[in-house]
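Colleague: Structure file entry_28.txt (compact mmCIF, C-alpha atoms) right here:
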```txt
# COMPACT_ATOMS: atom_id res chain seq x y z
CA MET A 831 5.62 103.55 157.17
CA THR A 832 6.00 103.90 153.40
CA ARG A 833 4.81 107.49 153.79
CA ILE A 834 7.66 108.30 156.17
CA LEU A 835 10.11 106.57 153.83
CA LEU A 836 8.78 108.61 150.89
CA ILE A 837 9.14 111.88 152.82
CA LEU A 838 12.69 110.98 153.94
CA GLY A 839 13.51 109.84 150.42
CA TYR A 840 12.37 113.15 148.98
CA LEU A 841 14.19 115.25 151.58
CA VAL A 842 17.46 113.37 151.09
CA LEU A 843 17.41 112.46 147.42
CA ALA A 844 15.69 115.49 145.84
CA PRO A 845 18.67 117.89 146.13
CA ALA A 846 21.01 115.23 144.73
CA ALA A 847 18.61 114.38 141.88
CA GLY A 848 18.07 118.08 141.18
CA ALA A 849 21.81 118.76 141.10
CA LEU A 850 22.35 115.80 138.75
CA LEU A 851 19.59 117.10 136.45
CA ASP A 852 21.17 120.56 136.57
CA GLY A 853 24.53 119.02 135.62
CA ALA A 854 22.88 117.12 132.77
CA ASP A 855 21.22 120.37 131.71
CA ARG A 856 24.60 122.13 131.53
CA VAL A 857 26.23 119.28 129.59
CA ILE A 858 23.31 119.04 127.13
CA SER A 859 23.24 122.83 126.70
CA ALA A 860 26.98 122.82 125.99
CA ARG A 861 26.59 120.03 123.40
CA MET A 862 23.76 121.99 121.75
CA GLN A 863 26.20 124.90 121.42
CA ARG A 864 28.95 122.55 120.14
CA ARG A 865 30.98 122.91 123.35
CA LYS A 866 32.40 120.21 125.58
CA GLY A 867 30.78 121.60 128.69
CA PRO A 868 31.49 120.99 132.38
CA SER A 869 31.44 117.66 134.18
CA LEU A 870 28.09 116.07 135.03
CA LEU A 871 28.87 116.58 138.73
CA GLN A 872 29.64 120.29 138.31
CA PRO A 873 26.65 121.48 140.45
CA PHE A 874 28.02 119.39 143.36
CA TYR A 875 31.45 121.03 142.96
CA ASP A 876 29.76 124.43 142.83
CA LEU A 877 27.82 123.74 146.04
CA GLN A 878 30.95 122.44 147.76
CA LYS A 879 32.84 125.58 146.82
CA LEU A 880 30.01 127.95 147.80
CA PHE A 881 29.89 126.44 151.30
CA ALA A 882 33.68 126.87 151.59
CA LYS A 883 33.55 130.58 150.75
CA GLN A 884 33.57 133.45 153.18
CA MET A 885 30.08 134.56 154.15
CA ILE A 886 29.50 138.15 153.08
CA ALA A 887 26.02 139.21 154.09
CA VAL A 888 24.58 142.70 153.74
CA ASN A 889 22.21 141.98 156.63
CA ASN A 890 21.33 139.21 159.07
CA VAL A 891 17.84 138.54 157.79
CA GLN A 892 18.74 137.43 154.26
CA MET A 893 20.14 134.06 155.35
CA LEU A 894 17.06 133.44 157.53
CA LEU A 895 14.70 134.26 154.63
CA ASN A 896 16.67 132.04 152.27
CA LEU A 897 16.51 129.21 154.81
CA SER A 898 12.74 129.75 155.04
CA TYR A 899 12.56 129.47 151.25
CA LEU A 900 14.42 126.15 151.48
CA VAL A 901 12.30 124.79 154.35
CA PHE A 902 8.96 125.75 152.81
CA LEU A 903 9.92 124.24 149.46
CA ALA A 904 11.00 121.05 151.24
CA ILE A 905 7.64 120.98 153.07
CA ALA A 906 5.69 121.53 149.84
CA GLY A 907 7.61 118.76 148.09
CA ALA A 908 7.34 116.39 151.06
CA MET A 909 3.56 116.95 151.09
CA LEU A 910 3.32 115.99 147.42
CA PHE A 911 5.43 112.87 147.85
CA ALA A 912 3.62 111.90 151.06
CA GLY A 913 0.30 111.89 149.20
CA GLN A 914 -1.23 114.98 150.81
CA ASP A 915 -3.55 117.63 149.37
CA ILE A 916 -2.17 119.01 146.10
CA LEU A 917 -3.91 122.37 146.50
CA MET A 918 -2.25 122.89 149.89
CA CYS A 919 1.09 121.85 148.37
CA MET A 920 0.73 124.55 145.70
CA PHE A 921 -0.18 127.20 148.27
CA ILE A 922 2.95 126.38 150.28
CA LEU A 923 4.94 126.54 147.04
CA SER A 924 3.84 130.14 146.50
CA THR A 925 4.49 130.97 150.17
CA ALA A 926 8.06 129.70 149.70
CA ASP A 927 8.48 131.99 146.70
CA MET A 928 7.37 134.97 148.77
CA PHE A 929 10.29 134.29 151.14
CA LEU A 930 12.69 134.39 148.21
CA ILE A 931 11.23 137.72 147.09
CA MET A 932 11.61 139.10 150.63
CA ALA A 933 15.20 137.81 150.78
CA ALA A 934 16.01 139.62 147.55
CA SER A 935 14.32 142.87 148.57
CA SER A 936 15.93 142.84 152.03
CA ASP A 937 19.13 144.38 150.64
CA SER A 938 19.57 147.74 148.99
CA SER A 939 20.95 146.55 145.66
CA PRO A 940 18.87 147.97 142.79
CA TYR A 941 19.53 144.80 140.75
CA ALA A 942 18.20 142.53 143.48
CA SER A 943 15.14 144.75 143.96
CA LEU A 944 14.44 144.69 140.22
CA GLY A 945 14.86 140.92 140.30
CA ALA A 946 12.40 140.68 143.20
CA GLY A 947 9.86 142.75 141.25
CA ARG A 948 10.25 140.54 138.21
CA GLU A 949 9.94 137.42 140.37
CA MET A 950 6.55 138.72 141.51
CA LEU A 951 5.54 139.21 137.87
CA GLN A 952 6.64 135.64 137.17
CA MET A 953 4.48 134.42 140.07
CA MET A 954 1.52 136.29 138.59
CA ALA A 955 2.24 134.61 135.26
CA TYR A 956 2.37 130.96 136.36
CA GLU A 957 0.19 130.94 139.48
CA PRO A 958 -3.29 130.88 137.80
CA LEU A 959 -2.50 127.68 135.89
CA THR A 960 -1.18 125.84 138.96
CA LEU A 961 -4.49 126.55 140.73
CA ILE A 962 -6.48 125.42 137.67
CA ILE A 963 -4.43 122.20 137.63
CA ALA A 964 -5.29 121.51 141.29
CA VAL A 965 -9.00 121.97 140.46
CA GLY A 966 -8.52 119.83 137.35
CA PHE A 967 -7.12 116.94 139.38
CA TYR A 968 -10.09 117.20 141.74
CA LEU A 969 -12.61 117.10 138.88
CA THR A 970 -10.81 114.25 137.10
CA THR A 971 -10.21 111.91 140.01
CA GLY A 972 -12.78 113.11 142.56
CA SER A 973 -10.13 113.94 145.15
CA SER A 974 -7.39 116.48 145.57
CA HIS A 975 -5.29 114.11 147.65
CA VAL A 976 -2.22 112.87 145.81
CA SER A 977 -2.62 109.42 147.40
CA ASP A 978 -6.04 109.10 145.70
CA ILE A 979 -4.92 110.62 142.41
CA VAL A 980 -2.17 108.01 141.96
CA HIS A 981 -4.73 105.21 142.43
CA ALA A 982 -7.04 106.41 139.65
CA SER A 983 -7.97 103.80 137.06
CA SER A 984 -6.60 105.82 134.13
CA SER A 985 -3.96 108.55 133.79
CA ALA A 986 -5.21 112.07 134.51
CA VAL A 987 -3.52 113.38 131.37
CA TRP A 988 -6.29 111.89 129.17
CA LEU A 989 -8.85 114.22 130.71
CA MET A 990 -6.53 117.22 131.18
CA PRO A 991 -4.30 117.37 128.08
CA GLY A 992 -4.70 121.16 127.82
CA MET A 993 -3.51 121.69 131.37
CA PHE A 994 -0.61 119.30 130.77
CA LEU A 995 0.57 121.23 127.70
CA GLY A 996 -0.05 124.56 129.43
CA PHE A 997 2.02 123.42 132.41
CA ILE A 998 4.91 122.50 130.12
CA PHE A 999 4.73 126.13 128.93
CA THR A 1000 4.59 127.76 132.38
CA ALA A 1001 7.08 125.33 133.94
CA ALA A 1002 9.77 127.20 131.98
CA VAL A 1003 9.12 130.08 134.40
CA LYS A 1004 9.61 127.81 137.42
CA PHE A 1005 12.72 126.15 135.99
CA ARG A 1006 14.13 129.66 135.32
CA LYS A 1007 14.58 128.84 131.67
CA SER A 1008 14.79 131.24 128.77
CA PRO A 1009 12.54 132.90 127.43
CA PHE A 1010 11.16 133.39 130.95
CA ASP A 1011 14.34 133.76 133.06
CA LEU A 1012 13.55 137.37 133.89
CA SER A 1013 14.31 137.53 137.61
CA THR A 1014 17.59 135.61 137.57
CA SER A 1015 19.38 133.33 135.16
CA HIS A 1016 21.66 130.34 135.35
CA HIS A 1017 23.57 131.69 132.39
CA ALA A 1018 26.19 134.41 132.24
CA HIS A 1019 25.52 138.11 132.06
CA GLN A 1020 22.08 139.45 131.96
CA GLU A 1021 21.00 143.07 131.92
CA MET A 1022 20.76 143.26 135.72
CA VAL A 1023 23.81 141.25 136.77
CA LYS A 1024 22.38 138.23 138.63
CA GLY A 1025 18.98 139.74 139.39
CA LEU A 1026 17.39 138.20 142.45
CA THR A 1027 20.63 136.58 143.63
CA THR A 1028 22.95 139.57 143.10
CA GLU A 1029 23.64 140.11 146.81
CA MET A 1030 23.74 136.42 147.73
CA SER A 1031 27.23 135.03 148.16
CA GLY A 1032 28.80 131.80 149.33
CA PRO A 1033 26.59 129.75 151.69
CA THR A 1034 23.53 131.97 151.10
CA LEU A 1035 23.65 131.27 147.38
CA ALA A 1036 24.28 127.58 148.02
CA ILE A 1037 21.08 127.36 150.11
CA MET A 1038 19.13 129.15 147.40
CA ASN A 1039 20.50 126.62 144.86
CA ILE A 1040 19.52 123.62 147.00
CA ALA A 1041 16.02 125.09 147.36
CA GLU A 1042 15.83 125.41 143.57
CA TYR A 1043 16.71 121.70 143.27
CA TYR A 1044 13.87 120.81 145.67
CA GLU A 1045 11.54 122.94 143.55
CA MET A 1046 12.73 121.32 140.32
CA ILE A 1047 11.92 117.83 141.62
CA LEU A 1048 8.58 119.06 143.00
CA ILE A 1049 7.54 120.47 139.60
CA LEU A 1050 8.64 117.28 137.85
CA GLY A 1051 6.64 115.36 140.48
CA ILE A 1052 3.51 117.27 139.46
CA PHE A 1053 4.23 116.36 135.82
CA GLY A 1054 4.53 112.74 136.95
CA LEU A 1055 1.16 113.01 138.69
CA PHE A 1056 -0.45 113.57 135.27
CA ILE A 1057 0.79 110.16 134.16
CA VAL A 1058 0.64 107.74 137.11
CA ASN A 1059 -2.39 105.51 137.65
CA GLU A 1060 -3.07 102.25 139.50
CA ASN A 1061 -0.95 100.19 137.05
CA TRP A 1062 2.70 99.63 137.99
CA TRP A 1063 4.01 100.43 134.50
CA SER A 1064 2.72 104.00 134.75
CA TRP A 1065 5.50 104.83 137.25
CA PRO A 1066 8.50 104.23 134.95
CA LEU A 1067 6.46 105.89 132.20
CA ALA A 1068 5.96 108.96 134.42
CA VAL A 1069 9.72 109.18 135.09
CA LEU A 1070 10.38 108.92 131.35
CA VAL A 1071 7.82 111.66 130.57
CA CYS A 1072 9.42 113.91 133.22
CA LEU A 1073 12.86 113.43 131.63
CA VAL A 1074 11.48 114.17 128.15
CA ILE A 1075 9.78 117.33 129.43
CA PHE A 1076 13.02 118.43 131.11
CA PHE A 1077 14.87 117.90 127.82
CA LEU A 1078 12.25 119.95 125.98
CA GLU A 1079 12.70 122.80 128.48
CA VAL A 1080 16.49 122.70 127.94
CA LEU A 1081 15.97 122.73 124.18
CA TRP A 1082 13.60 125.68 124.46
CA ASP A 1083 16.05 127.43 126.78
CA ASN A 1084 18.78 127.21 124.15
CA ALA A 1085 16.56 128.12 121.21
CA SER A 1086 14.93 131.28 122.50
CA ALA A 1087 15.87 134.74 123.75
CA ARG A 1088 14.64 136.35 126.96
CA VAL A 1089 11.28 138.13 126.58
CA LYS A 1090 10.09 141.34 128.23
CA TRP A 1091 7.77 141.14 131.22
CA ASP A 1092 4.59 142.14 129.36
CA LEU A 1093 5.09 139.37 126.81
CA LEU A 1094 5.68 136.94 129.70
CA LEU A 1095 2.37 137.91 131.32
CA LYS A 1096 0.42 137.94 128.05
CA GLY A 1097 1.94 134.66 126.88
CA CYS A 1098 1.40 132.77 130.12
CA TRP A 1099 -2.12 134.11 130.65
CA THR A 1100 -3.16 133.35 127.06
CA VAL A 1101 -1.89 129.79 127.42
CA THR A 1102 -3.53 129.50 130.85
CA LEU A 1103 -6.86 130.74 129.51
CA LEU A 1104 -6.85 128.73 126.27
CA ALA A 1105 -5.24 125.48 127.37
CA GLY A 1106 -6.12 125.48 131.08
CA GLY A 1107 -9.42 127.36 131.08
CA LEU A 1108 -11.01 125.55 128.11
CA ASN A 1109 -9.84 122.21 129.49
CA LEU A 1110 -11.41 123.07 132.85
CA LEU A 1111 -14.67 124.17 131.21
CA ILE A 1112 -14.96 120.92 129.25
CA LEU A 1113 -14.08 118.93 132.38
CA MET A 1114 -16.85 120.66 134.31
CA LEU A 1115 -19.37 119.88 131.55
CA VAL A 1116 -18.27 116.25 131.22
CA ARG A 1117 -18.01 115.43 134.94
CA MET B 768 42.06 119.12 142.88
CA GLY B 769 40.83 121.02 145.92
CA LYS B 770 37.43 122.39 146.79
CA MET B 771 37.88 125.74 145.14
CA SER B 772 39.59 124.71 141.95
CA ARG B 773 36.71 122.73 140.55
CA SER B 774 34.34 125.66 140.22
CA PRO B 775 36.17 128.98 139.85
CA TRP B 776 33.78 131.74 138.87
CA LEU B 777 35.15 134.74 137.00
CA LEU B 778 34.47 138.42 137.26
CA HIS B 779 35.78 140.39 134.30
CA TYR B 780 36.44 144.13 134.59
CA ASP B 781 37.79 146.50 131.97
CA ALA B 782 39.87 149.09 133.88
CA SER B 783 40.89 151.14 130.82
CA SER B 784 41.58 148.55 128.15
CA CYS B 785 41.36 149.19 124.41
CA ASN B 786 38.95 146.18 124.25
CA GLY B 787 41.58 144.02 122.58
CA CYS B 788 42.10 141.88 125.67
CA ASP B 789 38.36 141.98 126.49
CA ILE B 790 37.52 140.38 123.18
CA GLU B 791 40.15 137.69 123.84
CA VAL B 792 38.58 137.08 127.28
CA LEU B 793 35.21 136.58 125.59
CA ASP B 794 36.94 134.29 123.09
CA CYS B 795 37.66 131.92 125.96
CA LEU B 796 33.91 131.34 126.32
CA THR B 797 33.38 130.41 122.67
CA PRO B 798 33.01 126.76 121.55
CA LYS B 799 36.65 126.62 120.37
CA TYR B 800 38.17 127.33 123.80
CA ASP B 801 35.10 126.57 125.98
CA ILE B 802 36.38 127.65 129.39
CA GLU B 803 33.24 126.17 131.02
CA ARG B 804 34.81 122.70 130.69
CA PHE B 805 36.85 123.63 133.79
CA GLY B 806 33.62 124.56 135.56
CA ILE B 807 34.39 128.25 135.03
CA ILE B 808 31.47 130.65 134.78
CA ASN B 809 31.69 134.31 133.82
CA THR B 810 29.39 135.69 136.52
CA GLY B 811 29.56 139.48 136.39
CA ASP B 812 28.66 139.57 140.10
CA PRO B 813 31.53 140.28 142.56
CA PHE B 814 29.55 138.64 145.40
CA GLN B 815 29.72 135.30 143.59
CA ALA B 816 33.15 135.56 141.97
CA ASP B 817 36.40 133.81 142.96
CA ILE B 818 38.72 135.21 140.30
CA LEU B 819 38.91 138.88 139.35
CA LEU B 820 40.10 139.22 135.75
CA ILE B 821 41.20 142.77 134.95
CA THR B 822 42.23 144.13 131.57
CA GLY B 823 43.88 147.51 130.99
CA GLY B 824 45.87 149.77 133.29
CA VAL B 825 44.23 151.57 136.20
CA ASN B 826 43.43 155.25 135.69
CA SER B 827 42.13 157.77 138.18
CA GLN B 828 38.51 157.04 137.24
CA THR B 829 38.62 153.26 137.49
CA GLU B 830 40.78 153.11 140.64
CA PRO B 831 37.87 153.35 143.13
CA VAL B 832 35.86 150.83 141.05
CA VAL B 833 38.68 148.27 141.09
CA LYS B 834 39.08 148.70 144.86
CA GLN B 835 35.32 148.40 145.36
CA LEU B 836 35.02 145.23 143.25
CA TYR B 837 37.96 143.62 145.07
CA SER B 838 36.50 144.45 148.48
CA GLN B 839 33.11 143.01 147.52
CA MET B 840 34.50 139.58 146.64
CA PRO B 841 34.32 136.96 149.40
CA SER B 842 37.67 135.35 150.25
CA PRO B 843 39.50 133.26 149.17
CA LYS B 844 39.95 135.30 146.00
CA VAL B 845 42.64 135.84 143.39
CA VAL B 846 43.35 138.59 140.87
CA VAL B 847 44.56 137.98 137.32
CA ALA B 848 45.97 140.91 135.34
CA VAL B 849 45.35 140.22 131.65
CA GLY B 850 47.41 142.02 129.01
CA ILE B 851 50.55 144.11 129.28
CA CYS B 852 48.61 147.27 130.26
CA ALA B 853 47.11 145.48 133.27
CA CYS B 854 50.53 144.07 134.19
CA THR B 855 52.61 147.27 134.03
CA GLY B 856 50.62 150.05 132.37
CA GLY B 857 52.06 149.17 128.96
CA VAL B 858 52.36 151.93 126.37
CA PHE B 859 50.09 154.12 128.49
CA LYS B 860 52.42 153.98 131.49
CA GLU B 861 53.61 157.60 131.14
CA CYS B 862 50.11 159.03 130.60
CA TYR B 863 49.09 161.73 133.09
CA ASN B 864 45.95 159.86 134.23
CA ILE B 865 47.33 156.30 134.41
CA ARG B 866 48.31 154.91 137.82
CA GLY B 867 50.14 151.99 136.20
CA GLY B 868 49.48 148.25 136.42
CA ILE B 869 46.69 146.72 138.53
CA ASP B 870 49.22 145.93 141.30
CA THR B 871 49.49 149.66 142.10
CA VAL B 872 45.94 149.45 143.51
CA ILE B 873 45.19 145.87 144.62
CA PRO B 874 47.42 142.78 145.08
CA VAL B 875 47.77 140.79 141.84
CA ASP B 876 48.42 137.02 141.89
CA VAL B 877 48.89 136.14 138.22
CA TYR B 878 50.26 138.28 135.39
CA VAL B 879 49.25 137.36 131.82
CA PRO B 880 51.35 139.41 129.38
CA GLY B 881 50.54 140.01 125.74
CA CYS B 882 49.03 142.66 123.51
CA ALA B 883 46.44 141.45 123.15
CA ALA B 884 46.81 138.44 125.47
CA ARG B 885 45.99 135.25 123.54
CA PRO B 886 43.06 133.11 124.72
CA GLU B 887 45.49 130.22 125.33
CA SER B 888 47.62 132.32 127.67
CA ILE B 889 44.51 133.69 129.44
CA ILE B 890 43.32 130.13 130.08
CA ASP B 891 46.84 129.25 131.30
CA GLY B 892 46.75 132.23 133.67
CA VAL B 893 43.33 131.29 135.00
CA VAL B 894 44.43 127.69 135.62
CA LYS B 895 47.44 129.06 137.57
CA ALA B 896 45.08 131.34 139.49
CA VAL B 897 42.94 128.33 140.38
CA GLN B 898 45.94 126.61 141.99
CA ILE B 899 46.67 129.76 144.01
CA LEU B 900 43.00 129.76 145.03
CA ASP B 901 43.45 126.27 146.49
CA GLN B 902 46.62 127.35 148.34
CA LYS B 903 44.83 130.37 149.81
CA ARG B 904 41.96 128.16 150.93
CA ALA B 905 44.41 125.78 152.61
CA ALA B 906 46.19 128.68 154.31
CA GLN B 907 42.83 129.99 155.57
CA ASN B 908 41.98 126.60 157.04
CA GLN B 909 45.30 126.49 158.91
CA GLU B 910 44.67 129.90 160.46
CA ALA B 911 41.17 128.93 161.54
```
The structure given in the file should be rewritten as C-alpha cells.

Modeller:
Amino acid sequence: MTRILLILGYLVLAPAAGALLDGADRVISARMQRRKGPSLLQPFYDLQKLFAKQMIAVNNVQMLLNLSYLVFLAIAGAMLFAGQDILMCMFILSTADMFLIMAASSDSSPYASLGAGREMLQMMAYEPLTLIIAVGFYLTTGSSHVSDIVHASSSAVWLMPGMFLGFIFTAAVKFRKSPFDLSTSHHAHQEMVKGLTTEMSGPTLAIMNIAEYYEMILILGIFGLFIVNENWWSWPLAVLVCLVIFFLEVLWDNASARVKWDLLLKGCWTVTLLAGGLNLLILMLVR
Amino acid sequence: MGKMSRSPWLLHYDASSCNGCDIEVLDCLTPKYDIERFGIINTGDPFQADILLITGGVNSQTEPVVKQLYSQMPSPKVVVAVGICACTGGVFKECYNIRGGIDTVIPVDVYVPGCAARPESIIDGVVKAVQILDQKRAAQNQEA
C-alpha cells in the first residue's frame, strides 16, 4: 500500500517539486547576478503559457517521442521511489534519453540535429559513472534493490564517498547546467539557438520541460539514496543534502562558462575513473 | 494578468539597424533594468517566442527573413517595432533599398519610437505588447 502511495506521490508531486526547484534556481541565479529575477512560480506560468500556445509541429512523430521521453522518465523515477532495482532504473533513464535524442533528430533543423549529437556525447560522459554507482550500491549494501538500500545500518556515502563526489560532478550534465549545458540550455542565446529543443514549440516544449522536472527529482532521489539508512533522522538529512547539492550546481552554473565537447568527455571520464573507479576498486577489496 | 502575460518570451531581430537600438534591447537584460522580473526571456528561437522585437527598417535583403520569422512563431503572437527606423524607416526612408517601417512587411502591434529607443520605453512597449497578447488569446478562445 505504501508502495502505491509512493509511486502516486512521485508521479503527482515530482513535476511540481521540480518546477518549484527550477523557479528557486532562477531566483537564486538572478540574485547571484544582482538582479531581482522572476517570481518563484515562474516555471508554472511558463508551462501554463506553453500549453495555451498554438501547436506548430514539423512532423507528427516528435510529440509522440517527447511523450515517450516523459513516460519513460516517469517510469524510471517511479521505480526508484517504489524501491525497485536501481540498475534497472538507470537503464530506463538512458532509454528515456534516447527518445529525446530521436525527437530532436526527427526534424530537419541543423541546430536540433547538432543538439541531438551533443546530447549523445553527454550521455557518453555521464553514463559510466551511473553504472559504477549501481554496482557500488550493490557492493556496499549487498542488494541493488532500493528498498534494501534504504534499510542499511549505515549511510552508503561512508563507503562510496568518491562516487558521491563524482556524481555531484556529472549531475551537472543531467541538470543541464553550465559548464556542461552543451545540447540545450535554460539560459538565453547559445551558439546553436536552443539546441535540442529548437524545433519544439508550445505543448511539445511543455512536455519536454515536465519530463526534465521528473528527471531532476529522480537524480536528487539518487543523491538522497547515498544518505538514507534505517534511522528516521537520515531522511530529513537526505533532503537537506539534496538541497545543498542543488545549490552547489546553481553556483557552479553561474560561475563557469560552457566547455567544448572534448573537455566534457575528458573531464567526466577522468572524474569517473579517479573518483568512481578507485572507489569501486577499494570497495571490491574491502567487501 | 492572463495566461500569456506572465511569461512572454522575446525574439529579437535586427532588420537593418545601426546597432544603437540593439544595444538598448540588450540593456533591458542587464541587472539595472532586469526584464526577467516580468518572466521575460530572450529566446532567440522563433518556435518558442511570443513577442517579435524588430529594430531597424526593412530592406530588400531582410524582408524574406522577417516574413519567415513571423510565420514560424506560434500564435498568439505580437510584433514590437523598436526605434524610429523600425517604425517608419527613419532617416533611411528614402534609400533605394529600404522598404520602410516593419509594418510594410508584417503587421505591427506596438511602435516604440526613439533614436536610439531608451530601455525604459522598450520595456514600456513590451508591457503594452503583453496586454495585446492577452487580448489576442481571449479573441482566439472566443473563435474556438

Colleague: Looking at A:Lys1090, A:Lys1007, A:His981, A:Arg948, which one is nearest to Asn1059 (chain A), with distances taken over all atoms listed in the file?

Modeller: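 The answer is A:His981, which sits nearest to Asn1059 (chain A).
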
Colleague: For chain A against chain B, with a cut-off of 8 Å and counting all atoms listed in the file, what is the closest atom pair and its distance in Å to one decimal for every residue that makes the cut, ordered by chain and number, as CSV?

Modeller:
```
residue,atom,partner,partner_atom,distance
A:Gln863,CA,B:Pro798,CA,7.1
A:Arg864,CA,B:Pro798,CA,6.0
A:Arg865,CA,B:Pro798,CA,4.7
A:Lys866,CA,B:Arg804,CA,6.2
A:Gly867,CA,B:Arg804,CA,4.6
A:Pro868,CA,B:Arg804,CA,4.1
A:Ser869,CA,B:Arg804,CA,7.0
A:Gln872,CA,B:Gly806,CA,6.5
A:Tyr875,CA,B:Arg773,CA,6.0
A:Asp876,CA,B:Ser774,CA,5.4
A:Gln878,CA,B:Lys770,CA,6.6
A:Lys879,CA,B:Met771,CA,5.3
A:Ala882,CA,B:Lys770,CA,7.6
A:Lys883,CA,B:Ser842,CA,6.3
A:Gln884,CA,B:Pro841,CA,5.2
A:Met885,CA,B:Pro841,CA,6.8
A:Ile886,CA,B:Pro841,CA,6.2
A:Ala1018,CA,B:Thr810,CA,5.5
A:His1019,CA,B:Gly811,CA,6.1
A:Val1023,CA,B:Gly811,CA,6.0
A:Lys1024,CA,B:Asp812,CA,6.6
A:Thr1028,CA,B:Asp812,CA,6.5
A:Glu1029,CA,B:Phe814,CA,6.3
A:Met1030,CA,B:Phe814,CA,6.6
A:Ser1031,CA,B:Phe814,CA,5.1
A:Gly1032,CA,B:Gln815,CA,6.8
```

Colleague: In Å, rounded to a single decimal, give me how far CA of Ala934 (chain A) is from CA of Gln892 (chain A).

Modeller: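 Rounded to one decimal, the two atoms are 7.6 Å apart.
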
Colleague: Which residues are near Thr855 (chain B)? Cut-off 8 Å, all atoms listed in the file, ignore same chain within fewer than 3 positions. Put them as a PyMOL selection string.

Modeller: chain B and resi 824+851-852+860+867-869

Colleague: To one decimal place, how far is CA of Ala844 (chain A) from CA of Phe911 (chain A) in Å?

Modeller: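 Going from CA of Ala844 (chain A) over to CA of Phe911 (chain A) covers 10.8 Å.
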
Colleague: List as a PyMOL selection string the protein and nucleic acid residues near Asp978 (chain A), meaning an atom at most 12 Å away when only C-alpha atoms are counted, but skip any in the same chain fewer than 6 places from it.

Modeller: chain A and resi 910+912-916+967-968+970-972+986+1055+1058-1060

Colleague: So that I can see what lies close to Pro880 (chain B), please list as a list in words the residues with an atom at most 7 Å from it, counting only C-alpha atoms and leaving out residues fewer than 3 positions away in the same chain.

Modeller: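 With the cut-off at 7 Å, the set is Val849, Gly850, Ile851, Cys854 and Ala884 of chain B.
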
Colleague: Kindly give the distance, in Å, that separates CA of Ile922 (chain A) and CA of Ala906 (chain A), rounded to a single decimal.

Modeller: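 A separation of 5.6 Å between them.
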
Colleague: May I have the residues at most 8 Å from (-7.3, 126.1, 136.7) in the file's coordinates, counting only C-alpha atoms, as a ChimeraX atom specification?

Modeller: /A:958-966,993,1102,1106-1107,1110

Colleague: Write a file of the selected residues as a compact mmCIF listing (two decimals), in the frame of the given file, keeping C-alpha atoms.

Modeller:
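The result, stored in selection-v1.txt:
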```txt
# COMPACT_ATOMS: atom_id res chain seq x y z
CA PRO A 958 -3.29 130.88 137.80
CA LEU A 959 -2.50 127.68 135.89
CA THR A 960 -1.18 125.84 138.96
CA LEU A 961 -4.49 126.55 140.73
CA ILE A 962 -6.48 125.42 137.67
CA ILE A 963 -4.43 122.20 137.63
CA ALA A 964 -5.29 121.51 141.29
CA VAL A 965 -9.00 121.97 140.46
CA GLY A 966 -8.52 119.83 137.35
CA MET A 993 -3.51 121.69 131.37
CA THR A 1102 -3.53 129.50 130.85
CA GLY A 1106 -6.12 125.48 131.08
CA GLY A 1107 -9.42 127.36 131.08
CA LEU A 1110 -11.41 123.07 132.85
```

Colleague: Which polymer residues, protein or nucleic acid, are no farther than 12 Å from (10.5, 139.0, 141.3), counting all atoms listed in the file, as a ChimeraX atom specification?

Modeller: /A:927-935,941-955,1003-1004,1006,1010-1014,1025-1027,1091
